[in-house]
>>> print(open('target_7.txt').read())   # compact mmCIF, C-alpha atoms
# COMPACT_ATOMS: atom_id res chain seq x y z
CA MET A 35 -32.00 68.60 34.06
CA THR A 36 -28.39 68.22 33.09
CA TRP A 37 -27.91 64.97 35.09
CA ARG A 38 -31.16 63.64 33.70
CA ALA A 39 -30.00 64.36 30.16
CA VAL A 40 -26.67 62.64 30.79
CA GLY A 41 -28.41 59.58 32.26
CA ALA A 42 -30.81 59.38 29.34
CA ALA A 43 -27.96 59.63 26.86
CA LEU A 44 -26.03 56.84 28.61
CA ALA A 45 -29.10 54.61 28.70
CA LEU A 46 -29.73 55.21 25.00
CA ALA A 47 -26.08 54.44 24.17
CA ALA A 48 -26.24 51.20 26.17
CA LEU A 49 -29.45 50.22 24.42
CA LEU A 50 -27.95 50.85 21.00
CA ALA A 51 -24.70 49.05 21.84
CA ALA A 52 -26.35 45.95 23.35
CA PRO A 53 -27.12 44.13 20.07
CA ALA A 54 -23.60 44.76 18.75
CA ALA A 55 -22.07 43.62 22.04
CA ARG A 56 -24.17 40.50 22.11
CA ALA A 57 -23.27 39.69 18.52
CA GLN A 58 -19.58 40.20 19.23
CA PHE A 59 -19.83 37.96 22.30
CA TRP A 60 -21.47 35.11 20.39
CA ARG A 61 -18.97 35.40 17.53
CA ALA A 62 -16.07 35.15 19.94
CA ARG A 63 -17.60 32.13 21.66
CA ASP A 64 -18.27 30.36 18.35
CA GLN A 65 -14.67 30.94 17.25
CA GLN A 66 -13.40 29.36 20.46
CA ALA A 67 -15.79 26.41 20.22
CA GLY A 68 -14.90 25.63 16.60
CA PRO A 69 -17.34 24.64 13.84
CA PRO A 70 -20.80 23.45 14.87
CA PRO A 71 -21.30 19.66 14.92
CA ASP A 72 -23.56 19.72 11.86
CA ALA A 73 -21.20 21.86 9.77
CA LYS A 74 -20.78 20.50 6.25
CA PRO A 75 -17.23 19.49 5.26
CA ALA A 76 -15.47 22.04 3.09
CA VAL A 77 -13.90 19.24 1.03
CA ASP A 78 -15.35 18.12 -2.30
CA LEU A 79 -16.61 14.65 -1.39
CA ASP A 80 -17.11 13.78 -5.06
CA ALA A 81 -13.33 13.81 -5.35
CA VAL A 82 -13.02 11.26 -2.52
CA ARG A 83 -13.37 7.85 -4.13
CA LEU A 84 -11.61 4.69 -5.23
CA ASP A 85 -11.13 4.21 -8.96
CA GLU A 86 -10.40 0.53 -9.44
CA GLN A 87 -7.30 0.06 -11.57
CA LEU A 88 -6.81 -3.70 -11.74
CA GLY A 89 -3.43 -4.62 -13.14
CA ALA A 90 -1.90 -1.20 -12.35
CA GLN A 91 1.69 -1.20 -11.16
CA VAL A 92 2.60 0.45 -7.86
CA PRO A 93 5.86 2.43 -7.92
CA LEU A 94 8.41 -0.02 -6.55
CA ASP A 95 11.05 2.71 -6.55
CA ALA A 96 9.11 4.79 -4.00
CA GLU A 97 11.32 5.73 -1.04
CA LEU A 98 9.58 5.96 2.33
CA VAL A 99 10.52 5.88 6.02
CA ASP A 100 9.71 2.98 8.33
CA TRP A 101 8.44 3.02 11.90
CA THR A 102 11.98 3.17 13.27
CA GLY A 103 12.96 6.18 11.18
CA LYS A 104 15.02 4.22 8.65
CA PRO A 105 14.66 4.56 4.85
CA PHE A 106 12.38 1.94 3.33
CA ALA A 107 12.13 1.07 -0.35
CA LEU A 108 8.64 -0.06 -1.29
CA GLY A 109 10.06 -2.55 -3.76
CA SER A 110 11.75 -4.49 -0.93
CA LEU A 111 8.36 -5.96 -0.03
CA PHE A 112 8.04 -7.74 -3.36
CA HIS A 113 11.36 -9.50 -3.83
CA ARG A 114 10.26 -12.77 -2.19
CA GLY A 115 7.40 -13.65 -4.50
CA ARG A 116 4.60 -13.06 -1.99
CA PRO A 117 1.38 -11.06 -2.41
CA VAL A 118 1.07 -7.88 -0.36
CA VAL A 119 -1.93 -6.30 1.38
CA LEU A 120 -1.75 -2.51 1.15
CA ALA A 121 -3.62 -0.09 3.43
CA LEU A 122 -3.53 3.64 2.74
CA VAL A 123 -4.47 5.35 6.01
CA TYR A 124 -3.28 8.00 8.44
CA TYR A 125 -2.29 7.01 11.94
CA ASP A 126 -3.89 9.90 13.83
CA CYS A 127 -7.31 9.20 12.28
CA PRO A 128 -9.99 9.46 14.99
CA MET A 129 -12.05 6.49 13.79
CA LEU A 130 -12.10 5.01 10.26
CA CYS A 131 -8.43 4.12 9.81
CA GLY A 132 -8.32 2.37 13.16
CA LEU A 133 -11.35 0.29 12.17
CA ILE A 134 -9.76 -0.60 8.83
CA GLN A 135 -6.54 -1.80 10.43
CA SER A 136 -8.35 -3.61 13.23
CA GLY A 137 -10.33 -5.43 10.53
CA MET A 138 -7.07 -6.29 8.79
CA ALA A 139 -5.53 -7.67 11.99
CA LYS A 140 -8.61 -9.82 12.61
CA ALA A 141 -8.57 -11.17 9.03
CA PHE A 142 -4.81 -11.82 9.24
CA ARG A 143 -5.34 -13.78 12.45
CA GLU A 144 -8.18 -15.92 11.08
CA ASN A 145 -7.54 -16.52 7.36
CA GLY A 146 -5.23 -19.53 7.87
CA LEU A 147 -2.23 -18.14 5.97
CA VAL A 148 0.84 -16.89 7.80
CA LEU A 149 1.84 -13.23 7.71
CA GLY A 150 5.47 -12.95 6.69
CA ARG A 151 5.60 -16.43 5.18
CA ASP A 152 2.67 -16.64 2.77
CA TYR A 153 2.01 -12.93 2.29
CA GLN A 154 3.09 -9.51 3.51
CA ALA A 155 1.18 -6.40 4.57
CA VAL A 156 2.04 -2.70 4.61
CA SER A 157 0.33 0.41 5.97
CA ILE A 158 1.29 3.77 4.47
CA SER A 159 0.24 7.10 5.94
CA PHE A 160 -0.81 9.64 3.32
CA ASP A 161 -0.56 12.47 5.88
CA PRO A 162 2.87 14.05 5.25
CA ALA A 163 2.88 15.61 8.73
CA GLU A 164 2.95 12.24 10.52
CA ARG A 165 6.17 10.92 11.97
CA PRO A 166 7.61 7.37 12.20
CA ALA A 167 7.12 7.06 15.97
CA LEU A 168 3.35 7.30 15.63
CA GLY A 169 3.40 4.54 13.03
CA GLY A 170 5.48 2.41 15.39
CA GLU A 171 2.99 2.91 18.18
CA ARG A 172 0.06 1.87 16.02
CA ARG A 173 1.95 -1.11 14.59
CA ARG A 174 2.77 -2.39 18.04
CA GLY A 175 -0.87 -2.43 19.07
CA TYR A 176 -2.15 -4.29 16.00
CA LEU A 177 0.60 -6.91 16.10
CA GLN A 178 -0.07 -7.51 19.79
CA SER A 179 -3.75 -8.06 18.99
CA MET A 180 -2.60 -10.82 16.62
CA GLY A 181 -0.23 -12.34 19.15
CA VAL A 182 2.77 -11.44 16.97
CA PRO A 183 5.91 -9.83 18.45
CA ASP A 184 6.65 -6.36 17.12
CA ALA A 185 10.40 -6.99 17.02
CA GLY A 186 10.23 -8.42 13.50
CA ALA A 187 9.90 -6.74 10.13
CA ASP A 188 6.41 -7.94 9.17
CA TRP A 189 3.63 -5.45 8.41
CA PRO A 190 5.74 -2.28 8.20
CA PHE A 191 4.05 1.03 9.02
CA LEU A 192 5.50 3.72 6.75
CA VAL A 193 5.41 7.49 6.33
CA GLY A 194 6.71 9.65 3.52
CA ALA A 195 6.73 12.91 1.65
CA GLU A 196 3.45 14.01 0.13
CA ALA A 197 4.67 13.57 -3.44
CA VAL A 198 5.70 9.97 -2.72
CA THR A 199 2.56 8.83 -0.91
CA ARG A 200 0.35 10.64 -3.43
CA ARG A 201 2.12 8.79 -6.23
CA ILE A 202 1.39 5.43 -4.58
CA ALA A 203 -2.24 6.38 -3.96
CA ASP A 204 -2.71 7.54 -7.56
CA ALA A 205 -1.27 4.25 -8.83
CA VAL A 206 -4.06 2.26 -7.11
CA GLY A 207 -6.81 4.85 -7.76
CA PHE A 208 -7.11 5.97 -4.12
CA ARG A 209 -8.45 9.57 -4.06
CA TYR A 210 -8.45 11.48 -0.78
CA ARG A 211 -8.75 15.09 0.40
CA LYS A 212 -8.11 17.08 3.56
CA ASP A 213 -11.01 18.96 5.10
CA PRO A 214 -9.71 22.47 5.94
CA VAL A 215 -12.54 22.98 8.45
CA THR A 216 -12.04 19.89 10.61
CA GLY A 217 -8.42 19.18 9.72
CA GLU A 218 -9.29 15.53 9.07
CA TRP A 219 -8.70 13.54 5.88
CA ALA A 220 -11.65 12.26 3.87
CA HIS A 221 -11.09 8.88 2.23
CA VAL A 222 -12.81 5.59 1.45
CA ALA A 223 -12.57 2.40 3.52
CA ALA A 224 -10.75 -0.25 1.50
CA ILE A 225 -7.55 -2.25 1.26
CA VAL A 226 -5.68 -3.36 -1.86
CA VAL A 227 -4.27 -6.82 -2.56
CA LEU A 228 -1.16 -6.65 -4.74
CA SER A 229 0.51 -9.41 -6.71
CA PRO A 230 4.11 -10.48 -5.94
CA GLU A 231 5.14 -8.19 -8.82
CA GLY A 232 3.41 -5.18 -7.24
CA LYS A 233 0.36 -5.05 -9.50
CA VAL A 234 -3.18 -4.41 -8.28
CA SER A 235 -5.01 -7.73 -8.08
CA ARG A 236 -8.09 -7.07 -5.92
CA TYR A 237 -9.81 -4.43 -3.79
CA LEU A 238 -11.56 -5.38 -0.56
CA TYR A 239 -14.00 -2.79 0.78
CA GLY A 240 -15.29 -1.81 4.21
CA ILE A 241 -13.80 -2.22 7.67
CA GLU A 242 -14.28 -5.98 8.04
CA TYR A 243 -12.73 -8.48 5.65
CA PRO A 244 -14.08 -12.05 5.75
CA PRO A 245 -11.11 -14.39 6.23
CA LYS A 246 -12.27 -16.54 3.31
CA ASP A 247 -12.35 -13.53 0.98
CA LEU A 248 -8.90 -12.35 2.04
CA ARG A 249 -7.44 -15.84 1.65
CA LEU A 250 -8.92 -16.30 -1.82
CA ALA A 251 -7.73 -12.81 -2.83
CA LEU A 252 -4.19 -13.67 -1.71
CA VAL A 253 -4.20 -17.04 -3.49
CA GLU A 254 -5.56 -15.35 -6.61
CA ALA A 255 -2.97 -12.54 -6.44
CA ALA A 256 -0.14 -15.07 -6.12
CA ASP A 257 -1.55 -17.16 -8.98
CA GLY A 258 -1.81 -20.19 -6.72
CA ARG A 259 1.74 -19.95 -5.37
CA VAL A 260 0.48 -19.63 -1.79
CA GLY A 261 -2.15 -21.65 0.01
CA THR A 262 -3.09 -25.25 -0.64
CA SER A 263 -4.41 -27.28 -3.55
CA PHE A 264 -7.84 -26.97 -1.97
CA ASP A 265 -7.53 -23.16 -2.16
CA ARG A 266 -6.82 -23.42 -5.87
CA LEU A 267 -9.84 -25.70 -6.24
CA LEU A 268 -11.97 -23.15 -4.39
CA LEU A 269 -10.94 -20.49 -6.88
CA THR A 270 -12.51 -22.59 -9.64
CA CYS A 271 -15.75 -22.60 -7.64
CA TYR A 272 -15.73 -18.98 -6.47
CA ARG A 273 -15.49 -15.73 -8.38
CA TYR A 274 -15.23 -12.18 -7.12
CA ASP A 275 -18.60 -10.48 -7.58
CA PRO A 276 -18.18 -6.70 -8.15
CA ALA A 277 -21.81 -6.07 -7.17
CA SER A 278 -21.58 -7.64 -3.72
CA ARG A 279 -17.81 -7.02 -3.47
CA LYS A 280 -17.35 -10.55 -2.17
CA TYR A 281 -16.31 -13.95 -3.50
CA GLN A 282 -19.46 -15.81 -4.50
CA PRO A 283 -20.05 -19.42 -5.67
CA PHE A 284 -19.49 -19.73 -9.40
CA ALA A 285 -22.03 -22.06 -11.04
CA PHE A 286 -19.82 -23.27 -13.89
CA GLY A 287 -16.92 -23.74 -11.52
CA LEU A 288 -19.07 -25.84 -9.19
CA VAL A 289 -20.19 -28.01 -12.12
CA ARG A 290 -16.60 -28.40 -13.28
CA ALA A 291 -15.40 -29.25 -9.77
CA GLY A 292 -18.28 -31.70 -9.36
CA GLY A 293 -17.36 -33.33 -12.65
CA ALA A 294 -13.76 -33.66 -11.51
CA VAL A 295 -14.89 -35.34 -8.30
CA VAL A 296 -17.10 -37.74 -10.26
CA MET A 297 -14.21 -38.58 -12.61
CA VAL A 298 -11.88 -39.27 -9.69
CA ALA A 299 -14.50 -41.46 -8.02
CA LEU A 300 -15.17 -43.30 -11.28
CA ALA A 301 -11.46 -43.89 -11.84
CA GLY A 302 -11.16 -45.25 -8.30
CA LEU A 303 -14.12 -47.57 -8.85
CA ILE A 304 -12.68 -48.88 -12.12
CA ALA A 305 -9.29 -49.46 -10.50
CA ALA A 306 -10.93 -51.38 -7.63
CA LEU A 307 -12.89 -53.56 -10.07
CA VAL A 308 -9.75 -54.31 -12.09
CA VAL A 309 -7.84 -55.33 -8.96
CA ARG A 310 -10.75 -57.53 -7.81
CA GLU A 311 -10.97 -59.22 -11.20
CA ARG A 312 -7.25 -59.97 -11.24
CA LYS A 313 -7.44 -61.51 -7.80
CA ALA A 314 -10.38 -63.65 -8.87
CA ARG A 315 -8.41 -64.93 -11.89
CA ARG A 316 -5.43 -65.85 -9.69
CA ILE A 317 -7.66 -67.83 -7.34
CA ALA A 318 -9.33 -69.61 -10.25
>>> encode(input="target_7.txt", output="C-alpha cells")
Amino acid sequence: MTWRAVGAALALAALLAAPAARAQFWRARDQQAGPPPDAKPAVDLDAVRLDEQLGAQVPLDAELVDWTGKPFALGSLFHRGRPVVLALVYYDCPMLCGLIQSGMAKAFRENGLVLGRDYQAVSISFDPAERPALGGERRRGYLQSMGVPDAGADWPFLVGAEAVTRRIADAVGFRYRKDPVTGEWAHVAAIVVLSPEGKVSRYLYGIEYPPKDLRLALVEAADGRVGTSFDRLLLTCYRYDPASRKYQPFAFGLVRAGGAVVMVALAGLIAALVVRERKARRIA
C-alpha cells in the first residue's frame, strides 16, 4: 500500500505540474524566436510622417562624418551654386531605404543632368549607431550601378550624432521613430530637393522618381541656373501637383507657350515677307 500511495502521489504531482511545464516551455521558445510575424509595432505610427516645410533652411553648420571617417560640413555641399538632393535613410535598413536609394540612382542615371556638375546629392543616416564604413559600402554599390567611379566626392554618404541628424530631419519636417520591438526605424519614403542656398524646394515621394520630375525639380530649385532653355520653357508648361505629387501640364502655361510659339512663327513670316519684298524691288 505504501508503494501504491507513493506512485499515486507522483502521478498526481506530474499531472498538476504538466500545464505549468508546458506553459514555461512555450514561453521560453517564444522568447528565443522573437516577436510573432503579425506583432504590431510598438512605435506610434502617427508620429511617423513628413511635414512639408517649403522654404525651410537646413542647418548648413551641421557637422557630420563622411564615408571615409573624415569630418564633413553640410554647408560644403552648397558653396557651388548647385541644387542638392537629400535622402534621410539608414544604411542597415532591410528594405525601404535600399529601394529609395536605388530609385535615386536610376533617376540620376536617366534624368539627363550630370551629378556633380549640375546638381549634388547626399544621403544621411539618422541611425546614430551606424558607422562610416557601412555608408561607404552602400555608396560604392549605388555609384557602380550608375557607372560612376566611387573615388570621387559626389553623392557623399554621411553619419552623425543623433542631435545633429535629428536637427537636419526636423528642418525638413522628416519625422521618424525606432520600433523597440523589431529594432527597425519607421519612416516615410521620400527625398528632398534643396536649393543652392540650402532651402527646401520640393519633396518627391515614393521609391521611384520619374526622371522628368526630378529634372524639373532640380531646374526649379536652381531657379533655372541648371538645365537648358527648353527646361525653363517646360516649367512654364508644368506645375507640381500636390494631389498627384507629380509635375502635371499647366493649362495656362501651355497657352502662354503656344502663344510664344505663334509669335515667333509670325515674326519669322513677317521677316521673310519683308526680305522677299526688298528683293523684288531691287529686281524691278
>>> closest_residue(input="target_7.txt", among="A:Ala187, A:Thr102, A:Gly217, A:Arg273", to="Arg151 in chain A", atoms="all atoms listed in the file")
A:Ala187
>>> closest_residue(input="target_7.txt", among="A:Gly132, A:Pro214, A:Gly258, A:Gly146", to="Arg172 in chain A", atoms="only C-alpha atoms")
A:Gly132
>>> closest_residue(input="target_7.txt", among="A:Pro230, A:Gly137, A:Pro244, A:Gly170", to="Trp189 in chain A", atoms="all atoms listed in the file")
A:Gly170
>>> residues_around(input="target_7.txt", residues="range 190-201 of chain A", least_positions_apart="3", cutoff="8 Å", atoms="all atoms listed in the file", output="ChimeraX atom specification")
/A:93,96-101,106,155-162,164-166,169-170,173,187,204-205
>>> residues_near_point(input="target_7.txt", point="(-10.3, 10.7, 10.7)", cutoff="9 Å", atoms="all atoms listed in the file", output="number ranges by chain")
A: 124-132, 217-221
>>> atom_distance(input="target_7.txt", atom1="CA of Ser263 in chain A", atom2="CA of Arg143 in chain A")
21.0 Å
>>> residues_near_point(input="target_7.txt", point="(-12.8, 14.0, -3.9)", cutoff="7 Å", atoms="only C-alpha atoms", output="PyMOL selection string")
chain A and resi 78-83+209-211
>>> axis_aligned_box(input="target_7.txt", around="range 127-132 of chain A", padding_each_side="8 Å", output="AutoDock Vina command-line options")
--center_x -9.7 --center_y 5.9 --center_z 12.4 --size_x 20.8 --size_y 23.1 --size_z 21.2
>>> atom_distance(input="target_7.txt", atom1="CA of Val118 in chain A", atom2="CA of Asp188 in chain A")
10.9 Å
>>> atom_distance(input="target_7.txt", atom1="CA of Ser278 in chain A", atom2="CA of Leu252 in chain A")
18.5 Å
>>> closest_residue(input="target_7.txt", among="A:Val215, A:Ala167, A:Ala185, A:Ile241", to="Ala139 in chain A", atoms="only C-alpha atoms")
A:Ile241
>>> closest_residue(input="target_7.txt", among="A:Gly261, A:Ala251, A:Lys246, A:Val222", to="Val123 in chain A", atoms="all atoms listed in the file")
A:Val222
